[in-house]
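Each remark here refers to the structure printed beneath this line.
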Amino acid sequence: MMASSQILQCFLNQLLLLRLTPIWAVIGLLFVTVWPTVAQLQLKGEVGQNVTFDCPRDKSKEIKLFYLQKDTVYVNGYHVNKPLSESWENTERDDWTTVHMYRLNISHQGTYFCIIQYTDNQLDDKQQIHLSVTANYSKPTVTVSCDKNHEYGGCLVRCASQGGYPRNKMMLNRPATWNTSHQIWKVLNSSEHQDKDSMLFDSSSTACFNCSYGKQEMLSCSVGEVTSDMFSVCEPPPDTGNHDVIVKAICAIVVFIIVVVLVLLCRCRKGRQAGKEDEEN
């Protein structure tokens, strides 16, 4: 008895809604709530790209009306006898029941309904099409900052990427040959920020590396299906020992040459003075 009352109340609520809803939404609501469900088609697109909704129809019959709608929101369509509401500006109908949608954004994803009525008034075609919209993240940028006196010690690595969808976490990838018995690195923070207008995500992560285990190579960052270039951390400082030896050797050679030159100059001067004295005598 309680179930029957709930069904009746639901029906009355829908009737009240029908009195306030345009005809295309009325038909759509009837299909969404009453008509048997058929297999849902899957359609995929990328932000900024285009997709095509190809609603199946009986080509042996003439079409009286066709509506493509997102839930109960009219998108595009056709009626043989009267004009319809304004279609979405980024859509175009083609070949009766085919609708092209251009310049996709995240708000376009969702479930769409193909509603067709033929001239014999048969209203038995309904097809659900679920549109999934994605966006590729930008190639992650990697910033490495190393300082033994840093708060965390060793090296800090920050990976960042922008403009992706759906939400994905930035991952730091290490070689399979790493010795996992040591805690060589630790993730300090990770964040995914969504732009309120574009609905796209920026993803970033910061990790610190313990450089007491030496240089770490073949590292990369990835988010979604995009991966950064390989990089390394904890590079050993340049060996300045040999450099100092070379500098000292060069200095010694220069000093030796200067001393030799001065000695030769002194001898030359003494020889000239001795020669003048002999001539005077």
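To be explicit about the labels: the chains of the structure tokens are called A, B, and onward in the order shown, and within each one the residues are counted from 1, while ligands get numbers from 1 in the order they are shown.
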
ask   = Looking only at the backbone, which of the residues in range 109-201 of chain A does DSSP tag as strand (DSSP E or B), as a PyMOL selection string?
value = chain A and resi 110-118+125-135+141-146+155-165+171-173+185-194+201

For the contact check between range 93-156 of chain A and range 164-187 of chain A, emit one row per residue of range 93-156 of chain A within 9 Å, containing the shortest atom pair and the distance in Å rounded to one decimal, counting only C-alpha atoms, chain then rising number order, as JSON lines.
```
{"residue": "A:Ile106", "atom": "CA", "partner": "A:Tyr165", "partner_atom": "CA", "distance": 8.1}
{"residue": "A:Val133", "atom": "CA", "partner": "A:Tyr165", "partner_atom": "CA", "distance": 7.9}
{"residue": "A:Thr134", "atom": "CA", "partner": "A:Tyr165", "partner_atom": "CA", "distance": 5.1}
{"residue": "A:Ala135", "atom": "CA", "partner": "A:Tyr165", "partner_atom": "CA", "distance": 4.7}
{"residue": "A:Asn136", "atom": "CA", "partner": "A:Gly164", "partner_atom": "CA", "distance": 5.0}
{"residue": "A:Tyr137", "atom": "CA", "partner": "A:Gly164", "partner_atom": "CA", "distance": 4.0}
{"residue": "A:Ser138", "atom": "CA", "partner": "A:Gly164", "partner_atom": "CA", "distance": 7.3}
{"residue": "A:Pro140", "atom": "CA", "partner": "A:Met170", "partner_atom": "CA", "distance": 8.8}
```

Please produce a file of those selected residues containing N, CA, C and O atoms, as a PDB file, in the first residue's frame.
```pdb
ATOM      1  N   ILE A 106      34.191  20.469 -20.751  1.00  0.00           N
ATOM      2  CA  ILE A 106      33.836  19.474 -19.737  1.00  0.00           C
ATOM      3  C   ILE A 106      32.340  19.489 -19.430  1.00  0.00           C
ATOM      4  O   ILE A 106      31.744  18.437 -19.143  1.00  0.00           O
ATOM      5  N   VAL A 133      34.030  13.318 -21.784  1.00  0.00           N
ATOM      6  CA  VAL A 133      34.964  14.322 -22.299  1.00  0.00           C
ATOM      7  C   VAL A 133      36.234  14.303 -21.451  1.00  0.00           C
ATOM      8  O   VAL A 133      36.171  14.334 -20.222  1.00  0.00           O
ATOM      9  N   THR A 134      37.372  14.236 -22.108  1.00  0.00           N
ATOM     10  CA  THR A 134      38.658  14.223 -21.411  1.00  0.00           C
ATOM     11  C   THR A 134      39.549  15.345 -21.950  1.00  0.00           C
ATOM     12  O   THR A 134      39.263  15.936 -22.998  1.00  0.00           O
ATOM     13  N   ALA A 135      40.626  15.617 -21.225  1.00  0.00           N
ATOM     14  CA  ALA A 135      41.629  16.589 -21.669  1.00  0.00           C
ATOM     15  C   ALA A 135      42.996  16.083 -21.250  1.00  0.00           C
ATOM     16  O   ALA A 135      43.177  15.638 -20.105  1.00  0.00           O
ATOM     17  N   ASN A 136      43.946  16.114 -22.172  1.00  0.00           N
ATOM     18  CA  ASN A 136      45.298  15.654 -21.863  1.00  0.00           C
ATOM     19  C   ASN A 136      46.043  16.688 -21.020  1.00  0.00           C
ATOM     20  O   ASN A 136      46.001  17.888 -21.314  1.00  0.00           O
ATOM     21  N   TYR A 137      46.705  16.207 -19.981  1.00  0.00           N
ATOM     22  CA  TYR A 137      47.539  17.093 -19.174  1.00  0.00           C
ATOM     23  C   TYR A 137      48.764  17.527 -19.987  1.00  0.00           C
ATOM     24  O   TYR A 137      49.211  16.820 -20.893  1.00  0.00           O
ATOM     25  N   SER A 138      49.298  18.690 -19.644  1.00  0.00           N
ATOM     26  CA  SER A 138      50.538  19.130 -20.276  1.00  0.00           C
ATOM     27  C   SER A 138      51.703  18.266 -19.785  1.00  0.00           C
ATOM     28  O   SER A 138      51.622  17.633 -18.731  1.00  0.00           O
ATOM     29  N   PRO A 140      54.639  17.164 -17.829  1.00  0.00           N
ATOM     30  CA  PRO A 140      55.074  17.668 -16.525  1.00  0.00           C
ATOM     31  C   PRO A 140      56.427  18.385 -16.595  1.00  0.00           C
ATOM     32  O   PRO A 140      57.363  17.907 -17.244  1.00  0.00           O
TER      33      PRO A 140
END
```

message = So that I can see what lies close to range 107-119 of chain A, please list as number ranges by chain the residues with an atom at most 7 Å from it, counting only C-alpha atoms and leaving out residues fewer than 4 positions away in the same chain.
response = A: 55, 61-71, 123, 125-133

note = Across A:Ser87, A:Thr98, A:Glu235, A:Ser203, the smallest distance to Val144 in chain A, with only C-alpha atoms counted, is shown by A:Glu235

query = Expressed in Å to a single decimal, how great is the separation between CA of Thr206 in chain A and CA of Ser220 in chain A?
reply =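 According to the coordinates, CA of Thr206 in chain A and CA of Ser220 in chain A are separated by 12.7 Å.
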
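Note that the spacing between CA of Val259 in chain A and CA of Val247 in chain A amounts to 18.4 Å.
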
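Distance annotation: of A:Val80, A:Leu156, A:Val99, A:Leu219, the residue with the minimal separation from Pro56 in chain A is A:Val99; atom set is only C-alpha atoms.
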
request  = Enter the distance from CA of Trp88 in chain A to CA of Asp120 in chain A, in Å, rounded to one decimal.
outcome  =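 Straight-line distance from CA of Trp88 in chain A to CA of Asp120 in chain A works out to 28.5 Å.
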
request  = Using DSSP on the backbone coordinates, identify all residues within range 123-278 of chain A classified as alpha helix (DSSP H); present the result as a ChimeraX atom specification.
outcome  = /A:241-278

ask   = A:Ser161, A:Asn105, A:Thr91, A:Asn76: which is nearest Val223 in chain A, counting only C-alpha atoms?
value =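 Among the listed residues, the smallest separation from Val223 in chain A belongs to A:Ser161.
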